[in-house]
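Q: Can you read through this structure? Questions will come right after.
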Amino acid sequence: MNDYFDFEKSIAEMEKMIEKLKSISPDQNHYNDEIAELEKKCALQKQELYGNLTAWQTVQIARHPKRPVLLDYISLVFSDFVELHGDRSFGDDQALIGGFATIGKRRVMLIGHNKGKNVDENIKRNFGQAKPEGYRKALRLMRLAEKYNLPVLCFIDTQGAYPGIEGEERGQPEAIATNLTEMARLEVPIIALITGEGGSGGALAIGVGDSVLMMSHSVYSVISPEGCASILWRDASFSPQAAEALKPTAQSLLALKVIDEIIPEPLGGAHRNYEQTSQEIKRVLLKHLKRLSAFSTSKLLKLRFEKYSAMGLFSD
Amino acid sequence: MNDYFDFEKSIAEMEKMIEKLKSISPDQNHYNDEIAELEKKCALQKQELYGNLTAWQTVQIARHPKRPVLLDYISLVFSDFVELHGDRSFGDDQALIGGFATIGKRRVMLIGHNKGKNVDENIKRNFGQAKPEGYRKALRLMRLAEKYNLPVLCFIDTQGAYPGIEGEERGQPEAIATNLTEMARLEVPIIALITGEGGSGGALAIGVGDSVLMMSHSVYSVISPEGCASILWRDASFSPQAAEALKPTAQSLLALKVIDEIIPEPLGGAHRNYEQTSQEIKRVLLKHLKRLSAFSTSKLLKLRFEKYSAMGLFSD
Amino acid sequence: MPWFIKSKTSEEKRKPVKDDIWVKCGSCNAHVFKEDWFNSLSVCPKCGFHGRLTAYERIGQILDIDTFKEMFGRISPSDPLSFVWTRGSYKDIVKQTQDKTGLNESVVCGIGKIHDIPVSIAVMDFRFFGGSLGSATGEKILLAANYAYEHKIPYIIFSASGGARMQEGTLSLMQMAKTCAGIARLREKKIPYVSVLTDPTTGGVIASYAMVGDVNIAEPGALIGFAGRRVIEQTIRQKLPDNFQTSEYFLEHGFIDLIVERKKLKDTLKNVLQYYNR
Amino acid sequence: MPWFIKSKTSEEKRKPVKDDIWVKCGSCNAHVFKEDWFNSLSVCPKCGFHGRLTAYERIGQILDIDTFKEMFGRISPSDPLSFVWTRGSYKDIVKQTQDKTGLNESVVCGIGKIHDIPVSIAVMDFRFFGGSLGSATGEKILLAANYAYEHKIPYIIFSASGGARMQEGTLSLMQMAKTCAGIARLREKKIPYVSVLTDPTTGGVIASYAMVGDVNIAEPGALIGFAGRRVIEQTIRQKLPDNFQTSEYFLEHGFIDLIVERKKLKDTLKNVLQYYNR
Ligand SMILES: [Zn+2]
Ligand SMILES: [Zn+2]
């Protein structure tokens, strides 16, 4: 399960050592003390490391190939999922999926990007980069949620909308713009959760929530650090600097009031403990569902409009 | 201007003879009496012929290559036309066009099939056979009409929705079905006019009107006579019989309460006098616009629902 | 809009041949004991081919036992055009079809329950004039929609149709608008409408009520299409792909929400309906 | 979402070169007398190339004389991220840009009349940070929408933008949602909103308010696109068609209602607005 990044090297070594000691005498525990000490040391160092990640390190964790994807959450957070396919006009995008789902005792419409975790899945899911038909499917499901009076939960995890010629041809900008406009007035609560990468317009197109949440090691940005570095620094190797400058982390965005709450991940990242991650997600989602379901529709729309009206910092 | 059908042979001969006599002595009018007599005889025979056309003959006139098309009516019946392109999701279908238009002093949304009158035009217009993006453009314009509080006028002239693979792929049935469903509740008056061929679902997809009108030599049918003959008679040469059996003429459909009024064409068909045809259309459309604009929205929708609820004859 | 173009031979091939003891599968030609065939809901135990059902067989499979109450059963075709063709008069052939099938029209309507959820339901029967949409069919489908509207219960239509009934001319075309007007009112009042597409759903039916469900469900391998294969091949002058006009093709192109095996259909309907939250 | 990928060279080529007497057309390289150039509304009299306009030039061409009243003019960028890159700090460069252009932000907003029809109007200026969408831009565009909403007058936006302003990070992305929220309320209250797309309209602007007009109008030959050409070429690994990402390409694909030459733009706007019938 554990693939380590460069900056996790010392932790990786300690964890390997612990494994090794444990495997030498699995029954008699000759090295109990050494193991305990190492584990304590390791835990401290983790606390130190993961509590002080750079933006660029966070980007890497957010993109971890073993990070849970929507299908994992569907089985761990939700029950009774009924996937609904198709945009009813062109196709069925497998990069962005959705359907009826139940969380706790609450019925919802669940929509989200789904990255793959291996080559085949990534081809099928187009690395979670949705095409216009994906965003149009999302809107169709939101409209259905409105008819059935179900809150909408959006799980966001994408580098961005697919930037190929088909996207331009079939109206990536139209699909995104229409979603932004329609979501602004959708008559049911919307909760958006950035689980991994929140990449630009492709993320926002299902991200206009009454509550916007981020996993503690996810990122949400107007452009990828690589893209920003190649434009502003004219050199993609300045990605760490660009990442720092863009302030795409949950902490920064909470401070900038772009998001409402951070969902803590297990030490080292969501990929280290799917179960714990899912429980936290469930707890926080249920809390927000409860809060939002108390509002009348007109109150909900008023609050949503005020929320987005207040986005941004400028001088006057 | 005059292309004659077989059944117009005797009239064609008389008209040629009159032309000839007139041309022999254009100034002195030696043959004045003969001309007058021939013209009288010709007029009588026309009255006789065009007042008693068979269904199959009507089909042929409805398909006359010189019959006025929507673009003719746009310049003769309407003013200030602003064409609006595109379905906002895939393309701009030139077989089905639309835009803002003014008739008399009334502002409307005009939508309609447009056949071509020559090879180039017919390629561009796909012989008036719209694809899904055409029907979706029509719906978009109807929604815009709803926003701007404009009545919708639909000019229908098509063999049917385009039956190619692109139609199936991109959802011809979905586009038609959605239009039927949405038009049932569109909150502005809708007037549908079959100007030439009203071919099946491709016609009905812009045909759900509060008033449904037909030109006197137009046809409106669930299937073409040729199609019906090849299925039920297993031989397309039985098309005249099929045409008779299908009762697609304005007179029959008025009796069956499928349509509300017949707009008379000049003797011999609309292609013989564009100007006169257009004046009649304008007169009748203005009358219906006036009638429908008197209703409140709820009354309008109630009447529309009742109108379509009453369609059909069955035993109980 | 009508859709009678599939050749007789290929139609015949899909129809399971029944004798007293055996049913021969319309797809893999396996001989299956009649009892096994019906126990598996007319799905071939060998190859999974979904055979066609009569309206009452379908109702028996979907509704809770003894909950179905038929409605509008007397409504039946008239002969508005006095239509006559090589096979005879429409009137006579309607009579013969009624005698043969025991049905008055191509659709059976009523109310019942699905795992205790009350629903209004319309089920088409392909045996009656190829499940074609005539005036009486349209009337019944609208009345069942109106019943759902008035009683605020979900509406479910099982389609199985060759399209509009051309023997009723333009009146049959009008049924597309008429039925959709009923669906439109359900939309407005936020009452669920689920469309189930079964083999075959084509022509005027796929281009009206069958395509506009909140959720469109199809059985596997069903023939679903708008224009006839032959018409399309003439138009484009080339052969069509193999899965063209199947449930799977329609799912791929975004028009079907889910394809559900017959044995899971009742439970899936319940799952969908339970998400209606008013 | 940002869109700065067009190479400097090709950007430069499109920009007409001005000296005291002549303007050199950015497309055909013709030298045009400055007076003729401006008399033809900055459209090349030789080849019809539509040169870029400043916001105030545009306002002068579109609104009835002396009817424009600027609003929200004081709103200007802050530096929420303390953004610094190779060129320096965002704060400083904003200051320099303001001094150079005389503008406070990339959009000028206000009210005025088009052939006597009162409108709320927002006009972007590409000279200010490539017309990029920052927090202050979004605020002004929303406030102008709100003005139209409260006074029930049509709203018109002229877009000219390279996309979201990355120096404001995720806050600039949020401006897409913020501006569309304003447009959504206009929709709800049935107040007209016309979007005019001029050269260039790309990235986050084409993917928000610029694409959702009741009527989308484009000037001929404008660069209109979502992703950058280079990004797309890298993705698909092949050359793109020549008219790719132009007004004409977007019309063909159904996203633009009409392409209108600059000299007819004011009259066309009037024609469209007069159809609003409330
Ligand atoms: Zn079998
Ligand atoms: Zn030039």
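We name chains A, B, ... following the order of the structure tokens; residues begin at 1 in each chain, and ligands are numbered from 1 as shown.
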Could you please extract the residues within 9 Å of ligand 2, counting only C-alpha atoms and all ligand atoms, and hand them back as a VMD selection string?
A: chain D and resid 24 to 32 43 to 50
Q: Produce a file of the selected residues containing N, CA, C and O atoms, as a CSV table (one decimal), in the first residue's frame.
A:
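Done, and the output landed in selection.csv:
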chain,number,residue,atom,x,y,z
D,24,LYS,N,-0.5,50.1,-38.8
D,24,LYS,CA,-0.2,48.9,-39.7
D,24,LYS,C,-1.1,47.8,-39.2
D,24,LYS,O,-1.2,47.4,-38.1
D,25,CYS,N,-1.9,47.3,-40.2
D,25,CYS,CA,-2.9,46.3,-39.9
D,25,CYS,C,-2.3,45.0,-39.3
D,25,CYS,O,-1.3,44.5,-39.9
D,26,GLY,N,-2.8,44.5,-38.3
D,26,GLY,CA,-2.2,43.3,-37.6
D,26,GLY,C,-2.4,42.0,-38.5
D,26,GLY,O,-1.8,41.0,-38.2
D,27,SER,N,-3.2,42.1,-39.5
D,27,SER,CA,-3.5,40.9,-40.3
D,27,SER,C,-2.8,41.0,-41.7
D,27,SER,O,-2.0,40.2,-42.0
D,28,CYS,N,-3.2,42.0,-42.4
D,28,CYS,CA,-2.7,42.1,-43.8
D,28,CYS,C,-1.4,43.0,-43.9
D,28,CYS,O,-0.9,43.1,-45.0
D,29,ASN,N,-1.0,43.6,-42.8
D,29,ASN,CA,0.2,44.5,-42.8
D,29,ASN,C,0.0,45.8,-43.6
D,29,ASN,O,1.0,46.5,-43.8
D,30,ALA,N,-1.2,46.0,-44.1
D,30,ALA,CA,-1.4,47.3,-44.9
D,30,ALA,C,-1.2,48.5,-43.9
D,30,ALA,O,-1.4,48.4,-42.7
D,31,HIS,N,-0.6,49.5,-44.5
D,31,HIS,CA,-0.5,50.8,-43.7
D,31,HIS,C,-1.7,51.6,-44.0
D,31,HIS,O,-2.1,51.9,-45.1
D,32,VAL,N,-2.4,52.0,-42.9
D,32,VAL,CA,-3.7,52.7,-43.0
D,32,VAL,C,-3.5,54.0,-42.3
D,32,VAL,O,-2.9,54.0,-41.2
D,43,VAL,N,-11.3,48.7,-37.7
D,43,VAL,CA,-11.4,47.6,-38.6
D,43,VAL,C,-10.6,47.9,-39.8
D,43,VAL,O,-10.8,49.0,-40.4
D,44,CYS,N,-9.7,47.0,-40.3
D,44,CYS,CA,-8.9,47.3,-41.4
D,44,CYS,C,-9.7,47.5,-42.7
D,44,CYS,O,-10.5,46.7,-43.1
D,45,PRO,N,-9.6,48.7,-43.3
D,45,PRO,CA,-10.4,49.0,-44.5
D,45,PRO,C,-10.0,48.0,-45.7
D,45,PRO,O,-10.8,47.8,-46.6
D,46,LYS,N,-8.8,47.5,-45.6
D,46,LYS,CA,-8.3,46.6,-46.7
D,46,LYS,C,-8.8,45.2,-46.5
D,46,LYS,O,-9.3,44.6,-47.5
D,47,CYS,N,-8.7,44.6,-45.3
D,47,CYS,CA,-8.9,43.2,-45.2
D,47,CYS,C,-10.0,42.8,-44.2
D,47,CYS,O,-10.4,41.7,-44.0
D,48,GLY,N,-10.6,43.9,-43.5
D,48,GLY,CA,-11.7,43.6,-42.6
D,48,GLY,C,-11.3,43.1,-41.3
D,48,GLY,O,-12.1,42.7,-40.4
D,49,PHE,N,-10.0,43.0,-41.0
D,49,PHE,CA,-9.5,42.5,-39.7
D,49,PHE,C,-10.0,43.5,-38.6
D,49,PHE,O,-9.9,44.7,-38.7
D,50,HIS,N,-10.6,42.8,-37.6
D,50,HIS,CA,-11.1,43.6,-36.4
D,50,HIS,C,-10.0,43.8,-35.4
D,50,HIS,O,-9.7,42.8,-34.7
Q: Hey, what's within 6 Å of segment 141-158 of chain B if we count only C-alpha atoms and toss same-chain stuff fewer than 6 positions away? As a list in words, please?
A: Val108, Met109, Leu110, Ile111, Gly112, His113, Gly128, Gln129, Val188, Pro189, Ile190, Ile191, Ala192, Leu193, Ile194, Thr195, Gly196, Glu197, Gly198, Gly199 and Ala203 of chain B; Lys190, Tyr276 and Asn277 of chain D
Q: Let me see the file: selected residues, C-alpha atoms, as a compact mmCIF listing (two decimals), in the first residue's frame.
A:
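Saved as out_23.txt:
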# COMPACT_ATOMS: atom_id res chain seq x y z
CA VAL B 108 -42.33 36.49 -32.34
CA MET B 109 -39.82 33.66 -32.31
CA LEU B 110 -39.86 32.03 -35.73
CA ILE B 111 -38.63 28.47 -36.13
CA GLY B 112 -38.88 26.18 -39.12
CA HIS B 113 -37.50 23.61 -41.49
CA GLY B 128 -34.98 20.02 -44.69
CA GLN B 129 -34.27 16.87 -42.68
CA VAL B 188 -46.01 31.22 -24.42
CA PRO B 189 -48.46 30.65 -27.29
CA ILE B 190 -47.30 28.26 -30.01
CA ILE B 191 -48.64 28.28 -33.54
CA ALA B 192 -47.61 25.50 -35.89
CA LEU B 193 -48.13 25.78 -39.64
CA ILE B 194 -47.52 22.91 -42.02
CA THR B 195 -46.41 24.69 -45.16
CA GLY B 196 -45.46 21.69 -47.29
CA GLU B 197 -44.65 18.22 -46.04
CA GLY B 198 -45.45 17.40 -42.45
CA GLY B 199 -43.40 14.24 -42.19
CA ALA B 203 -42.62 17.48 -38.16
CA LYS D 190 -36.23 37.02 -17.11
CA TYR D 276 -37.53 41.64 -25.16
CA ASN D 277 -41.24 41.82 -24.53
Q: Specify as a VMD selection string all residues of chain A found within 6 Å of chain B, counting only C-alpha atoms.
A: chain A and resid 89 to 90 170 to 171
Q: Can I get the selected residues back with N, CA, C and O atoms, as a PDB file, in the first residue's frame?
A:
ATOM      1  N   SER A  89     -27.717  13.152 -24.401  1.00  0.00           N
ATOM      2  CA  SER A  89     -27.618  13.794 -25.704  1.00  0.00           C
ATOM      3  C   SER A  89     -26.392  13.412 -26.502  1.00  0.00           C
ATOM      4  O   SER A  89     -26.380  13.566 -27.710  1.00  0.00           O
ATOM      5  N   PHE A  90     -25.399  12.877 -25.874  1.00  0.00           N
ATOM      6  CA  PHE A  90     -24.228  12.491 -26.666  1.00  0.00           C
ATOM      7  C   PHE A  90     -23.529  11.221 -26.198  1.00  0.00           C
ATOM      8  O   PHE A  90     -23.145  10.392 -27.007  1.00  0.00           O
ATOM      9  N   ARG A 170     -17.110  20.128 -28.705  1.00  0.00           N
ATOM     10  CA  ARG A 170     -18.427  19.844 -28.145  1.00  0.00           C
ATOM     11  C   ARG A 170     -18.775  20.764 -26.975  1.00  0.00           C
ATOM     12  O   ARG A 170     -19.789  20.573 -26.322  1.00  0.00           O
ATOM     13  N   GLY A 171     -17.900  21.752 -26.715  1.00  0.00           N
ATOM     14  CA  GLY A 171     -18.336  22.804 -25.812  1.00  0.00           C
ATOM     15  C   GLY A 171     -17.975  22.654 -24.352  1.00  0.00           C
ATOM     16  O   GLY A 171     -18.809  22.861 -23.479  1.00  0.00           O
TER      17      GLY A 171
END
Q: Contacts from chain B to chain C, 8 Å maximum, only C-alpha atoms: show me the residue list as JSON, numbers by chain.
A: {"B": [163, 164, 165, 168, 169, 170, 171, 172, 173, 174, 175, 176, 177, 178, 180, 181, 182, 184, 185, 200, 201, 204, 208, 220, 221, 222, 223, 228, 231, 232, 233, 245, 246, 247, 248, 253, 256, 258, 305, 308, 309, 311, 312, 313, 314, 315, 316]}
Q: As a ChimeraX atom specification, which residues of segment 119-240 of chain C does DSSP assign to strand (DSSP E or B)?
A: /C:119-124,133,155-161,164,193-202,215-218,223-225
Q: Write the selection just made, keeping C-alpha atoms, as a PDB file, in the first residue's frame?
A:
ATOM      1  CA  VAL C 119     -47.483   2.816  -8.589  1.00  0.00           C
ATOM      2  CA  SER C 120     -49.495   3.538 -11.692  1.00  0.00           C
ATOM      3  CA  ILE C 121     -48.274   1.264 -14.447  1.00  0.00           C
ATOM      4  CA  ALA C 122     -48.654   0.837 -18.213  1.00  0.00           C
ATOM      5  CA  VAL C 123     -47.292  -2.268 -19.892  1.00  0.00           C
ATOM      6  CA  MET C 124     -47.157  -2.672 -23.645  1.00  0.00           C
ATOM      7  CA  LEU C 133     -49.175   3.228 -30.672  1.00  0.00           C
ATOM      8  CA  TYR C 155     -45.694   6.176 -12.960  1.00  0.00           C
ATOM      9  CA  ILE C 156     -43.905   3.349 -14.736  1.00  0.00           C
ATOM     10  CA  ILE C 157     -44.230   2.470 -18.411  1.00  0.00           C
ATOM     11  CA  PHE C 158     -42.857  -0.742 -19.896  1.00  0.00           C
ATOM     12  CA  SER C 159     -42.442  -0.116 -23.616  1.00  0.00           C
ATOM     13  CA  ALA C 160     -42.449  -2.795 -26.310  1.00  0.00           C
ATOM     14  CA  SER C 161     -43.400  -1.317 -29.612  1.00  0.00           C
ATOM     15  CA  ALA C 164     -46.872   4.503 -34.326  1.00  0.00           C
ATOM     16  CA  TYR C 193     -41.755   8.678 -14.024  1.00  0.00           C
ATOM     17  CA  VAL C 194     -39.605   5.661 -14.858  1.00  0.00           C
ATOM     18  CA  SER C 195     -39.403   4.313 -18.395  1.00  0.00           C
ATOM     19  CA  VAL C 196     -38.470   0.681 -18.939  1.00  0.00           C
ATOM     20  CA  LEU C 197     -37.442  -0.172 -22.485  1.00  0.00           C
ATOM     21  CA  THR C 198     -37.855  -3.779 -23.510  1.00  0.00           C
ATOM     22  CA  ASP C 199     -37.358  -5.609 -26.775  1.00  0.00           C
ATOM     23  CA  PRO C 200     -38.237  -3.862 -29.097  1.00  0.00           C
ATOM     24  CA  THR C 201     -38.753  -0.164 -28.458  1.00  0.00           C
ATOM     25  CA  THR C 202     -38.606   1.755 -31.692  1.00  0.00           C
ATOM     26  CA  VAL C 215     -34.643   7.213 -15.185  1.00  0.00           C
ATOM     27  CA  ASN C 216     -34.545   5.168 -18.394  1.00  0.00           C
ATOM     28  CA  ILE C 217     -33.967   1.474 -17.746  1.00  0.00           C
ATOM     29  CA  ALA C 218     -33.430  -1.071 -20.504  1.00  0.00           C
ATOM     30  CA  LEU C 223     -33.652  -3.731 -29.904  1.00  0.00           C
ATOM     31  CA  ILE C 224     -33.892   0.028 -29.370  1.00  0.00           C
ATOM     32  CA  GLY C 225     -33.862   2.450 -32.259  1.00  0.00           C
TER      33      GLY C 225
END
Q: So what do you get for atom CA of Ser75 of chain B versus atom CA of Leu292 of chain B, distance-wise?
A: 24.3 Å
Q: Atom CA of Gln98 of chain C and atom CA of Lys266 of chain C, how far apart in Å?
A: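 Atom-to-atom, atom CA of Lys266 of chain C to atom CA of Gln98 of chain C, that is 28.8 Å.
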Q: Could you work out how far atom CA of Leu289 of chain A lies from atom CA of Arg63 of chain A, giving the answer in Å with one decimal?
A: 27.5 Å
Q: If you count only C-alpha atoms, which residues fall within 12 Å of Lys105 of chain A, apart from same-chain ones fewer than 2 positions away, as a PDB file with N, CA and C atoms, in the first residue's frame?
A:
ATOM      1  N   VAL A  77     -18.277   4.874   2.190  1.00  0.00           N
ATOM      2  CA  VAL A  77     -19.043   5.941   2.835  1.00  0.00           C
ATOM      3  C   VAL A  77     -20.542   5.776   2.600  1.00  0.00           C
ATOM      4  N   PHE A  78     -20.889   5.197   1.445  1.00  0.00           N
ATOM      5  CA  PHE A  78     -22.284   5.161   1.017  1.00  0.00           C
ATOM      6  C   PHE A  78     -22.839   3.739   0.939  1.00  0.00           C
ATOM      7  N   SER A  79     -24.162   3.670   0.863  1.00  0.00           N
ATOM      8  CA  SER A  79     -24.801   2.380   0.576  1.00  0.00           C
ATOM      9  C   SER A  79     -25.843   2.586  -0.517  1.00  0.00           C
ATOM     10  N   ASP A  80     -26.359   1.482  -1.030  1.00  0.00           N
ATOM     11  CA  ASP A  80     -27.452   1.517  -2.019  1.00  0.00           C
ATOM     12  C   ASP A  80     -27.198   2.432  -3.203  1.00  0.00           C
ATOM     13  N   ALA A 101     -27.534   7.675  -3.970  1.00  0.00           N
ATOM     14  CA  ALA A 101     -26.729   7.022  -2.934  1.00  0.00           C
ATOM     15  C   ALA A 101     -27.314   7.346  -1.563  1.00  0.00           C
ATOM     16  N   THR A 102     -26.962   6.521  -0.603  1.00  0.00           N
ATOM     17  CA  THR A 102     -27.441   6.730   0.755  1.00  0.00           C
ATOM     18  C   THR A 102     -26.240   6.875   1.677  1.00  0.00           C
ATOM     19  N   ILE A 103     -26.293   7.877   2.546  1.00  0.00           N
ATOM     20  CA  ILE A 103     -25.215   8.073   3.527  1.00  0.00           C
ATOM     21  C   ILE A 103     -25.872   8.141   4.891  1.00  0.00           C
ATOM     22  N   ARG A 107     -30.698  10.085   1.998  1.00  0.00           N
ATOM     23  CA  ARG A 107     -30.620   9.786   0.566  1.00  0.00           C
ATOM     24  C   ARG A 107     -30.120  11.024  -0.169  1.00  0.00           C
ATOM     25  N   VAL A 108     -29.214  10.837  -1.075  1.00  0.00           N
ATOM     26  CA  VAL A 108     -28.605  11.962  -1.789  1.00  0.00           C
ATOM     27  C   VAL A 108     -28.372  11.616  -3.255  1.00  0.00           C
ATOM     28  N   LYS A 282     -17.663  10.773   6.209  1.00  0.00           N
ATOM     29  CA  LYS A 282     -19.063  10.523   6.514  1.00  0.00           C
ATOM     30  C   LYS A 282     -19.558  11.422   7.643  1.00  0.00           C
ATOM     31  N   LEU A 286     -22.401  14.310   6.981  1.00  0.00           N
ATOM     32  CA  LEU A 286     -23.688  14.231   7.682  1.00  0.00           C
ATOM     33  C   LEU A 286     -23.962  15.506   8.482  1.00  0.00           C
ATOM     34  N   LEU A 289     -25.021  18.060   5.919  1.00  0.00           N
ATOM     35  CA  LEU A 289     -26.358  17.737   5.409  1.00  0.00           C
ATOM     36  C   LEU A 289     -27.419  18.173   6.400  1.00  0.00           C
ATOM     37  N   LYS A 290     -27.141  17.898   7.645  1.00  0.00           N
ATOM     38  CA  LYS A 290     -28.100  18.268   8.679  1.00  0.00           C
ATOM     39  C   LYS A 290     -28.278  19.784   8.734  1.00  0.00           C
TER      40      LYS A 290
ATOM     41  N   TYR C 275     -35.782   6.555  -3.744  1.00  0.00           N
ATOM     42  CA  TYR C 275     -35.045   7.813  -3.676  1.00  0.00           C
ATOM     43  C   TYR C 275     -35.931   9.027  -3.899  1.00  0.00           C
TER      44      TYR C 275
END
Q: Using DSSP secondary structure from the backbone, list all helix (DSSP H, G or I) positions within segment 26-267 of chain D, as an NGL selection string.
A: :D and (34-39 or 55-62 or 90-101 or 129-131 or 135-151 or 166-188 or 203-206 or 209-211 or 229-236 or 247-252 or 262-267)
Q: Excluding segment 109-116 of chain D and residues on its chain fewer than 6 positions from it, collect all residues at most 8 Å away from it, counting only C-alpha atoms, and give them as a PyMOL selection string.
A: chain D and resi 62-64+67-73+122-123+140-141+144+266-267+269-270
Q: Using only C-alpha atoms, which protein or nucleic acid residues come within 12 Å of Phe127 of chain A? Drop anything in the same chain fewer than 4 positions from it, and give the result as a ChimeraX atom specification.
A: /A:63,65,69,93-96,113-123,131,157-162,197
